[in-house]
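File shown here: run24.pdb, holding PDB, C-alpha atoms.
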```
ATOM      1  CA  MET A  30     -13.014  10.123  19.008
ATOM      2  CA  GLU A  31     -14.836   9.443  15.720
ATOM      3  CA  SER A  32     -14.156  10.841  12.248
ATOM      4  CA  ALA A  33     -15.801  10.229   8.891
ATOM      5  CA  TRP A  34     -13.381   7.371   8.322
ATOM      6  CA  GLY A  35     -13.807   5.676  11.682
ATOM      7  CA  SER A  36     -12.174   5.878  15.055
ATOM      8  CA  ASP A  37      -9.151   8.172  15.305
ATOM      9  CA  GLU A  38      -7.628   5.543  17.572
ATOM     10  CA  GLY A  39      -6.315   3.668  14.541
ATOM     11  CA  ILE A  40      -4.503   6.763  13.285
ATOM     12  CA  ARG A  41      -3.031   7.554  16.714
ATOM     13  CA  PHE A  42      -2.201   3.934  17.508
ATOM     14  CA  ILE A  43       1.430   4.079  16.361
ATOM     15  CA  HIS A  44       3.193   5.295  19.479
ATOM     16  CA  SER A  45       6.527   6.946  19.960
ATOM     17  CA  GLU A  46       8.592   3.760  19.836
ATOM     18  CA  GLN A  47       7.455   2.973  16.278
ATOM     19  CA  PHE A  48       7.997   6.599  15.220
ATOM     20  CA  GLN A  49      11.503   6.476  16.619
ATOM     21  CA  LEU A  50      12.209   3.217  14.786
ATOM     22  CA  HIS A  51      11.014   4.723  11.494
ATOM     23  CA  ALA A  52      13.171   7.803  12.029
ATOM     24  CA  GLU A  53      16.226   5.604  12.452
ATOM     25  CA  ILE A  54      15.782   3.242   9.496
ATOM     26  CA  GLU A  55      13.443   4.799   6.917
ATOM     27  CA  GLN A  56      16.228   6.299   4.785
ATOM     28  CA  ARG A  57      18.278   3.089   4.713
ATOM     29  CA  HIS A  58      16.111   0.000   5.238
ATOM     30  CA  TRP A  59      15.644  -2.111   2.084
ATOM     31  CA  TRP A  60      11.826  -2.107   2.274
ATOM     32  CA  PHE A  61      11.490   1.689   2.433
ATOM     33  CA  VAL A  62      14.239   2.330  -0.125
ATOM     34  CA  GLY A  63      12.932  -0.323  -2.526
ATOM     35  CA  ARG A  64       9.349   0.900  -2.259
ATOM     36  CA  ARG A  65      10.398   4.504  -3.003
ATOM     37  CA  ARG A  66      12.289   3.387  -6.116
ATOM     38  CA  ILE A  67       9.258   1.479  -7.390
ATOM     39  CA  LEU A  68       6.927   4.422  -6.778
ATOM     40  CA  ARG A  69       9.298   6.854  -8.508
ATOM     41  CA  ARG A  70       9.518   4.600 -11.582
ATOM     42  CA  LEU A  71       5.749   4.337 -11.791
ATOM     43  CA  ILE A  72       5.258   8.073 -11.365
ATOM     44  CA  ALA A  73       7.921   8.930 -13.951
ATOM     45  CA  GLY A  74       7.070   6.270 -16.577
ATOM     46  CA  SER A  75       3.273   5.673 -16.401
ATOM     47  CA  ALA A  76       0.815   8.394 -15.346
ATOM     48  CA  PRO A  77       2.001  11.302 -17.591
ATOM     49  CA  SER A  78       1.708   9.308 -20.838
ATOM     50  CA  ASP A  79      -1.696   7.975 -19.865
ATOM     51  CA  LEU A  80      -3.062  11.420 -19.107
ATOM     52  CA  GLY A  81      -2.382  12.801 -22.597
ATOM     53  CA  GLU A  82      -3.269  16.515 -22.795
ATOM     54  CA  LEU A  83      -4.026  16.553 -19.080
ATOM     55  CA  ALA A  84      -0.407  15.732 -18.240
ATOM     56  CA  GLY A  85       0.513  19.362 -17.662
ATOM     57  CA  GLN A  86      -2.329  19.761 -15.185
ATOM     58  CA  ALA A  87      -1.988  16.398 -13.469
ATOM     59  CA  ARG A  88      -1.790  16.021  -9.734
ATOM     60  CA  LEU A  89      -0.937  12.898  -7.839
ATOM     61  CA  PHE A  90      -2.274  11.645  -4.522
ATOM     62  CA  LEU A  91       0.017   9.203  -2.716
ATOM     63  CA  LEU A  92      -1.645   6.880  -0.199
ATOM     64  CA  THR A  93       1.284   4.621   0.578
ATOM     65  CA  ASP A  94       0.366   2.145   3.315
ATOM     66  CA  VAL A  95      -2.435   4.369   4.615
ATOM     67  CA  LEU A  96      -5.772   2.613   4.018
ATOM     68  CA  GLU A  97      -4.983  -0.286   6.334
ATOM     69  CA  HIS A  98      -4.794   2.203   9.229
ATOM     70  CA  VAL A  99      -8.330   3.499   8.640
ATOM     71  CA  GLY A 100     -11.470   1.847   9.961
ATOM     72  CA  ASP A 101     -13.632   2.994   7.027
ATOM     73  CA  ASP A 102     -11.355   2.837   4.002
ATOM     74  CA  PHE A 103     -14.358   3.220   1.655
ATOM     75  CA  ALA A 104     -15.250   6.588   3.175
ATOM     76  CA  MET A 105     -11.675   7.832   3.098
ATOM     77  CA  LEU A 106     -10.983   7.036  -0.546
ATOM     78  CA  SER A 107     -14.394   8.137  -1.843
ATOM     79  CA  GLU A 108     -14.005  11.447   0.007
ATOM     80  CA  LEU A 109     -10.576  12.041  -1.525
ATOM     81  CA  LEU A 110     -11.734  11.032  -5.011
ATOM     82  CA  ALA A 111     -14.726  13.361  -4.712
ATOM     83  CA  ALA A 112     -12.444  16.272  -3.793
ATOM     84  CA  ALA A 113      -9.999  15.587  -6.656
ATOM     85  CA  SER A 114     -10.321  17.035 -10.143
ATOM     86  CA  PRO A 115     -10.837  14.737 -13.138
ATOM     87  CA  GLY A 116      -7.451  13.626 -14.413
ATOM     88  CA  CYS A 117      -5.846  13.363 -10.984
ATOM     89  CA  CYS A 118      -4.065  10.100 -10.260
ATOM     90  CA  PHE A 119      -4.016   8.101  -7.045
ATOM     91  CA  LEU A 120      -1.147   5.769  -6.235
ATOM     92  CA  LEU A 121      -2.038   3.357  -3.426
ATOM     93  CA  THR A 122      -0.101   0.682  -1.581
ATOM     94  CA  VAL A 123      -1.398  -1.629   1.147
ATOM     95  CA  PRO A 124      -0.167  -4.764   2.913
ATOM     96  CA  ALA A 125      -1.424  -7.986   1.333
ATOM     97  CA  ASP A 126      -1.932 -11.669   2.124
ATOM     98  CA  GLU A 127      -4.023 -12.352   5.199
ATOM     99  CA  SER A 128      -1.841 -15.344   6.072
ATOM    100  CA  LEU A 129       0.962 -12.864   6.888
ATOM    101  CA  TRP A 130      -1.020 -11.163   9.691
ATOM    102  CA  SER A 131       1.230 -10.949  12.726
ATOM    103  CA  GLU A 132       2.358  -8.885  15.709
ATOM    104  CA  HIS A 133       3.944  -6.532  13.158
ATOM    105  CA  ASP A 134       0.481  -5.546  11.872
ATOM    106  CA  GLU A 135      -0.907  -5.182  15.376
ATOM    107  CA  SER A 136       1.986  -2.992  16.469
ATOM    108  CA  PHE A 137       1.364  -0.605  13.574
ATOM    109  CA  GLY A 138      -2.372  -0.419  14.200
ATOM    110  CA  HIS A 139      -3.461  -2.149  11.005
ATOM    111  CA  TYR A 140      -7.140  -2.953  10.630
ATOM    112  CA  ARG A 141      -6.602  -5.483   7.865
ATOM    113  CA  ARG A 142      -4.390  -6.918   5.157
ATOM    114  CA  TYR A 143      -5.856  -6.934   1.643
ATOM    115  CA  ASP A 144      -6.294  -9.229  -1.287
ATOM    116  CA  ARG A 145      -6.879  -7.847  -4.774
ATOM    117  CA  ALA A 146     -10.661  -8.267  -4.672
ATOM    118  CA  ARG A 147     -10.985  -6.513  -1.296
ATOM    119  CA  LEU A 148      -8.881  -3.558  -2.465
ATOM    120  CA  GLU A 149     -10.790  -3.183  -5.747
ATOM    121  CA  GLN A 150     -14.067  -3.059  -3.843
ATOM    122  CA  VAL A 151     -13.039   0.258  -2.274
ATOM    123  CA  TRP A 152     -13.490   2.154  -5.574
ATOM    124  CA  ALA A 153     -15.702  -0.286  -7.523
ATOM    125  CA  GLY A 154     -18.506   1.531  -9.329
ATOM    126  CA  LEU A 155     -16.945   4.978  -8.899
ATOM    127  CA  PRO A 156     -15.642   7.087 -11.811
ATOM    128  CA  ALA A 157     -12.046   5.992 -11.266
ATOM    129  CA  LYS A 158     -10.154   4.133 -13.977
ATOM    130  CA  THR A 159      -7.782   1.406 -12.819
ATOM    131  CA  LEU A 160      -4.450   1.767 -14.636
ATOM    132  CA  LEU A 161      -2.691  -0.845 -12.506
ATOM    133  CA  ILE A 162      -3.561  -3.175  -9.671
ATOM    134  CA  SER A 163      -0.906  -5.690  -8.810
ATOM    135  CA  TYR A 164       0.758  -7.476  -5.971
ATOM    136  CA  PHE A 165       4.355  -6.488  -5.336
ATOM    137  CA  ASN A 166       7.146  -7.354  -2.897
ATOM    138  CA  THR A 167       6.819 -10.652  -4.734
ATOM    139  CA  ARG A 168      10.406 -11.780  -5.133
ATOM    140  CA  LEU A 169      10.957 -11.714  -1.377
ATOM    141  CA  LEU A 170       7.565 -13.221  -0.494
ATOM    142  CA  PRO A 171       9.032 -16.655   0.437
ATOM    143  CA  LEU A 172      11.447 -14.929   2.830
ATOM    144  CA  VAL A 173       8.645 -12.821   4.346
ATOM    145  CA  ARG A 174       6.517 -15.931   4.858
ATOM    146  CA  LEU A 175       9.421 -17.728   6.471
ATOM    147  CA  VAL A 176      10.094 -14.867   8.883
ATOM    148  CA  ARG A 177       6.417 -14.543   9.833
ATOM    149  CA  ALA A 178       6.084 -18.295  10.377
ATOM    150  CA  TRP A 179       9.204 -18.325  12.557
ATOM    151  CA  ASN A 180       7.950 -15.357  14.569
ATOM    152  CA  ARG A 181       4.591 -17.054  15.220
ATOM    153  CA  ARG A 182       6.398 -20.165  16.376
ATOM    154  CA  ARG A 183       8.580 -18.327  18.856
ATOM    155  CA  GLY A 184       5.823 -15.910  19.909
ATOM    156  CA  HIS A 185       7.255 -12.477  19.096
ATOM    157  CA  ALA A 186       8.263 -10.235  16.196
ATOM    158  CA  ALA A 187      11.726 -10.318  14.688
ATOM    159  CA  GLY A 188      12.597  -6.650  15.148
ATOM    160  CA  ARG A 189      12.160  -3.794  17.586
ATOM    161  CA  ALA A 190       8.961  -2.300  19.009
ATOM    162  CA  GLY A 191       6.858  -5.333  18.116
ATOM    163  CA  THR A 192       7.697  -5.039  14.394
ATOM    164  CA  ASP A 193       9.671  -7.061  11.879
ATOM    165  CA  PHE A 194      11.914  -4.103  11.049
ATOM    166  CA  TRP A 195      15.591  -4.465  11.712
ATOM    167  CA  LEU A 196      18.454  -3.081   9.647
ATOM    168  CA  PRO A 197      20.573  -5.830   8.035
ATOM    169  CA  ASN A 198      24.269  -5.305   7.480
ATOM    170  CA  ARG A 199      25.128  -3.092   4.507
ATOM    171  CA  PRO A 200      25.751  -5.811   1.842
ATOM    172  CA  ALA A 201      22.578  -7.727   2.783
ATOM    173  CA  ASN A 202      20.546  -4.533   2.897
ATOM    174  CA  ALA A 203      21.813  -3.494  -0.549
ATOM    175  CA  LEU A 204      20.997  -6.926  -1.982
ATOM    176  CA  LEU A 205      17.467  -6.938  -0.561
ATOM    177  CA  THR A 206      16.908  -3.392  -1.857
ATOM    178  CA  ALA A 207      18.006  -4.379  -5.368
ATOM    179  CA  ILE A 208      15.808  -7.480  -5.378
ATOM    180  CA  PHE A 209      12.729  -5.579  -4.216
ATOM    181  CA  ALA A 210      13.246  -2.446  -6.336
ATOM    182  CA  GLY A 211      13.883  -4.642  -9.376
ATOM    183  CA  GLU A 212      10.134  -5.313  -9.528
ATOM    184  CA  ALA A 213       9.577  -1.763 -10.839
ATOM    185  CA  ALA A 214      10.361  -2.654 -14.458
ATOM    186  CA  ARG A 215       7.607  -5.257 -14.677
ATOM    187  CA  LEU A 216       5.069  -2.963 -13.023
ATOM    188  CA  VAL A 217       5.905  -0.088 -15.380
ATOM    189  CA  ARG A 218       5.573  -2.423 -18.386
ATOM    190  CA  SER A 219       2.176  -3.534 -17.125
ATOM    191  CA  VAL A 220       0.905   0.056 -17.136
ATOM    192  CA  ARG A 221       2.513   0.843 -20.491
ATOM    193  CA  ASP A 222       1.081  -2.274 -22.161
ATOM    194  CA  GLY A 223      -2.374  -1.898 -20.647
ATOM    195  CA  ARG A 224      -2.107  -5.040 -18.511
ATOM    196  CA  LEU A 225      -3.616  -4.369 -15.107
ATOM    197  CA  CYS A 226      -1.677  -6.984 -13.172
ATOM    198  CA  GLY A 227       2.103  -7.367 -13.034
ATOM    199  CA  TYR A 228       2.371  -9.922 -10.220
ATOM    200  CA  ARG A 229      -0.269 -12.323  -8.906
ATOM    201  CA  ALA A 230       1.093 -12.757  -5.383
ATOM    202  CA  GLY A 231       3.112 -10.636  -2.988
ATOM    203  CA  ALA A 232       3.388  -9.208   0.504
ATOM    204  CA  SER A 233       1.879  -5.904  -0.689
ATOM    205  CA  LEU A 234      -0.562  -4.555  -3.269
ATOM    206  CA  ILE A 235      -0.164  -1.480  -5.448
ATOM    207  CA  ALA A 236      -2.830   0.344  -7.459
ATOM    208  CA  LEU A 237      -2.705   3.315  -9.824
ATOM    209  CA  LEU A 238      -6.078   5.016 -10.402
ATOM    210  CA  ARG A 239      -7.184   7.980 -12.467
ATOM    211  CA  ARG A 240     -10.113  10.097 -11.359
ATOM    212  CA  GLU A 241     -12.600  10.354 -14.247
ATOM    213  CA  GLU A 242     -15.491  12.735 -14.870
ATOM    214  CA  GLY A 243     -18.573  12.171 -12.740
ATOM    215  CA  VAL A 244     -20.095  12.742  -9.332
ATOM    216  CA  ILE A 245     -18.614  10.661  -6.532
ATOM    217  CA  PRO A 246     -20.835  10.075  -3.507
ATOM    218  CA  ILE A 247     -19.239   9.582  -0.118
ATOM    219  CA  ARG A 248     -19.903   5.988   0.799
ATOM    220  CA  HIS A 249     -19.097   3.744   3.729
ATOM    221  CA  LYS A 250     -17.689   0.289   4.219
ATOM    222  CA  PRO A 251     -20.454  -2.293   3.694
ATOM    223  CA  GLY A 252     -21.517  -4.245   6.735
ATOM    224  CA  SER A 253     -21.442  -7.417   4.625
ATOM    225  CA  LEU A 254     -17.642  -7.441   4.527
ATOM    226  CA  PRO A 255     -15.767  -9.761   6.900
ATOM    227  CA  PRO A 256     -14.851  -8.000  10.157
ATOM    228  CA  ASP A 257     -11.468  -6.342  10.474
ATOM    229  CA  HIS A 258      -8.917  -7.451  13.034
ATOM    230  CA  ARG A 259      -9.503  -4.252  15.023
TER
END
```

Using structure tokens, write down the structure that the file contains.
Amino acid sequence: MESAWGSDEGIRFIHSEQFQLHAEIEQRHWWFVGRRRILRRLIAGSAPSDLGELAGQARLFLLTDVLEHVGDDFAMLSELLAAASPGCCFLLTVPADESLWSEHDESFGHYRRYDRARLEQVWAGLPAKTLLISYFNTRLLPLVRLVRAWNRRRGHAAGRAGTDFWLPNRPANALLTAIFAGEAARLVRSVRDGRLCGYRAGASLIALLRREEGVIPIRHKPGSLPPDHR
């Protein structure tokens, strides 16, 4: 079945085993908990001050690890931007670093991992101001690379359901959460100080956009881009 953003297969690809895994660990696992803390800090300390008089009317679109599941990410984001009112903010996260592609990505139905240039292309030329675009999950990047390399060597993912998700013991989980969530301060400072990039490498990318005045045409992913994995 086709939609404006591509095949619905990518959206339906995550089957019940992955949903069950998420249900069990999403409230406790260091990656989910750390990511939520970072997003909350950015929402609380960045967008309102940047919007000025529009702050009271501001709305926020969260696309957290969504675009990588969509065949035509250009169409999806341009359609959402076109529907949004000027002043609305978009907070995006996507997996980064193509060298980290693994069974984990395949199990979750990812089409791609991003680098900064590829992500910026999705809204380039549209009336959307970039307030932040940065890598994150940077402090734990060496550990992520080590796990992915080990998994490739032994031929399967580290966790359940073909993913790298497993719940460490409580002290280790708390430590990993603190390390990851600790990146929020630098990202918030980057927005506050007008510096677009907080980190130059990481297992994920984060972007904060503001929809500006202007007509936004619905556009599609250029055929000149390298092919996706799926």

Inset, instruction - List every protein, DNA or RNA residue that has at least one atom no more than 12 Å from (-16.6, 1.4, -6.9) in the file's coordinates, counting only C-alpha atoms, and write the result as a count of residues only. - result: 28

Skipping near chain neighbours, those fewer than 3 positions away, what residues fall within 12 Å of segment 196-213 of chain A using only C-alpha atoms, listed as an mmCIF file with C-alpha atoms, in the coordinates of the input?
```cif
data_model
loop_
_atom_site.group_PDB
_atom_site.id
_atom_site.type_symbol
_atom_site.label_atom_id
_atom_site.label_comp_id
_atom_site.auth_asym_id
_atom_site.auth_seq_id
_atom_site.Cartn_x
_atom_site.Cartn_y
_atom_site.Cartn_z
ATOM 1 C CA LEU A 50 12.209 3.217 14.786
ATOM 2 C CA HIS A 51 11.014 4.723 11.494
ATOM 3 C CA GLU A 53 16.226 5.604 12.452
ATOM 4 C CA ILE A 54 15.782 3.242 9.496
ATOM 5 C CA GLU A 55 13.443 4.799 6.917
ATOM 6 C CA GLN A 56 16.228 6.299 4.785
ATOM 7 C CA ARG A 57 18.278 3.089 4.713
ATOM 8 C CA HIS A 58 16.111 0.000 5.238
ATOM 9 C CA TRP A 59 15.644 -2.111 2.084
ATOM 10 C CA TRP A 60 11.826 -2.107 2.274
ATOM 11 C CA PHE A 61 11.490 1.689 2.433
ATOM 12 C CA VAL A 62 14.239 2.330 -0.125
ATOM 13 C CA GLY A 63 12.932 -0.323 -2.526
ATOM 14 C CA ARG A 64 9.349 0.900 -2.259
ATOM 15 C CA ARG A 65 10.398 4.504 -3.003
ATOM 16 C CA ARG A 66 12.289 3.387 -6.116
ATOM 17 C CA ILE A 67 9.258 1.479 -7.390
ATOM 18 C CA LEU A 68 6.927 4.422 -6.778
ATOM 19 C CA ARG A 69 9.298 6.854 -8.508
ATOM 20 C CA ARG A 70 9.518 4.600 -11.582
ATOM 21 C CA LEU A 71 5.749 4.337 -11.791
ATOM 22 C CA ILE A 72 5.258 8.073 -11.365
ATOM 23 C CA ALA A 73 7.921 8.930 -13.951
ATOM 24 C CA GLY A 74 7.070 6.270 -16.577
ATOM 25 C CA SER A 75 3.273 5.673 -16.401
ATOM 26 C CA SER A 163 -0.906 -5.690 -8.810
ATOM 27 C CA TYR A 164 0.758 -7.476 -5.971
ATOM 28 C CA PHE A 165 4.355 -6.488 -5.336
ATOM 29 C CA ASN A 166 7.146 -7.354 -2.897
ATOM 30 C CA THR A 167 6.819 -10.652 -4.734
ATOM 31 C CA ARG A 168 10.406 -11.780 -5.133
ATOM 32 C CA LEU A 169 10.957 -11.714 -1.377
ATOM 33 C CA LEU A 170 7.565 -13.221 -0.494
ATOM 34 C CA LEU A 172 11.447 -14.929 2.830
ATOM 35 C CA VAL A 173 8.645 -12.821 4.346
ATOM 36 C CA ALA A 187 11.726 -10.318 14.688
ATOM 37 C CA GLY A 188 12.597 -6.650 15.148
ATOM 38 C CA ARG A 189 12.160 -3.794 17.586
ATOM 39 C CA THR A 192 7.697 -5.039 14.394
ATOM 40 C CA ASP A 193 9.671 -7.061 11.879
ATOM 41 C CA LEU A 216 5.069 -2.963 -13.023
ATOM 42 C CA VAL A 217 5.905 -0.088 -15.380
ATOM 43 C CA ARG A 218 5.573 -2.423 -18.386
ATOM 44 C CA SER A 219 2.176 -3.534 -17.125
ATOM 45 C CA VAL A 220 0.905 0.056 -17.136
ATOM 46 C CA GLY A 227 2.103 -7.367 -13.034
ATOM 47 C CA TYR A 228 2.371 -9.922 -10.220
ATOM 48 C CA GLY A 231 3.112 -10.636 -2.988
ATOM 49 C CA ALA A 232 3.388 -9.208 0.504
ATOM 50 C CA SER A 233 1.879 -5.904 -0.689
ATOM 51 C CA ILE A 235 -0.164 -1.480 -5.448
#
```

Legend entry - Residue with smallest distance to Gly138 of chain A - pool A:Arg215, A:His185, A:His98, A:His258, counting only C-alpha atoms: A:His98

Inset, instruction - Compute the distance from (-6.5, -5.3, 8.4) to each atom, counting all atoms listed in the file, keep the residues with any atom at most 8 Å away, and return them as a count of residues only; use the coordinates of the file. - result: 11

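With only C-alpha atoms as the atoms that count, the minimum distance from Leu91 of chain A to the choices A:Leu121, A:Glu135, A:Arg174, A:Ser253 is reached by A:Leu121.
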
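Here the question is which of A:Arg221, A:Ser131, A:Glu108, A:Glu241 gets nearest to Arg182 of chain A using all atoms listed in the file, and that residue is A:Ser131.
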
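Candidate residues A:Leu225, A:Leu160, A:Trp195, A:Ser128 were compared for distance to Arg177 of chain A, and the nearest is A:Ser128, using all atoms listed in the file.
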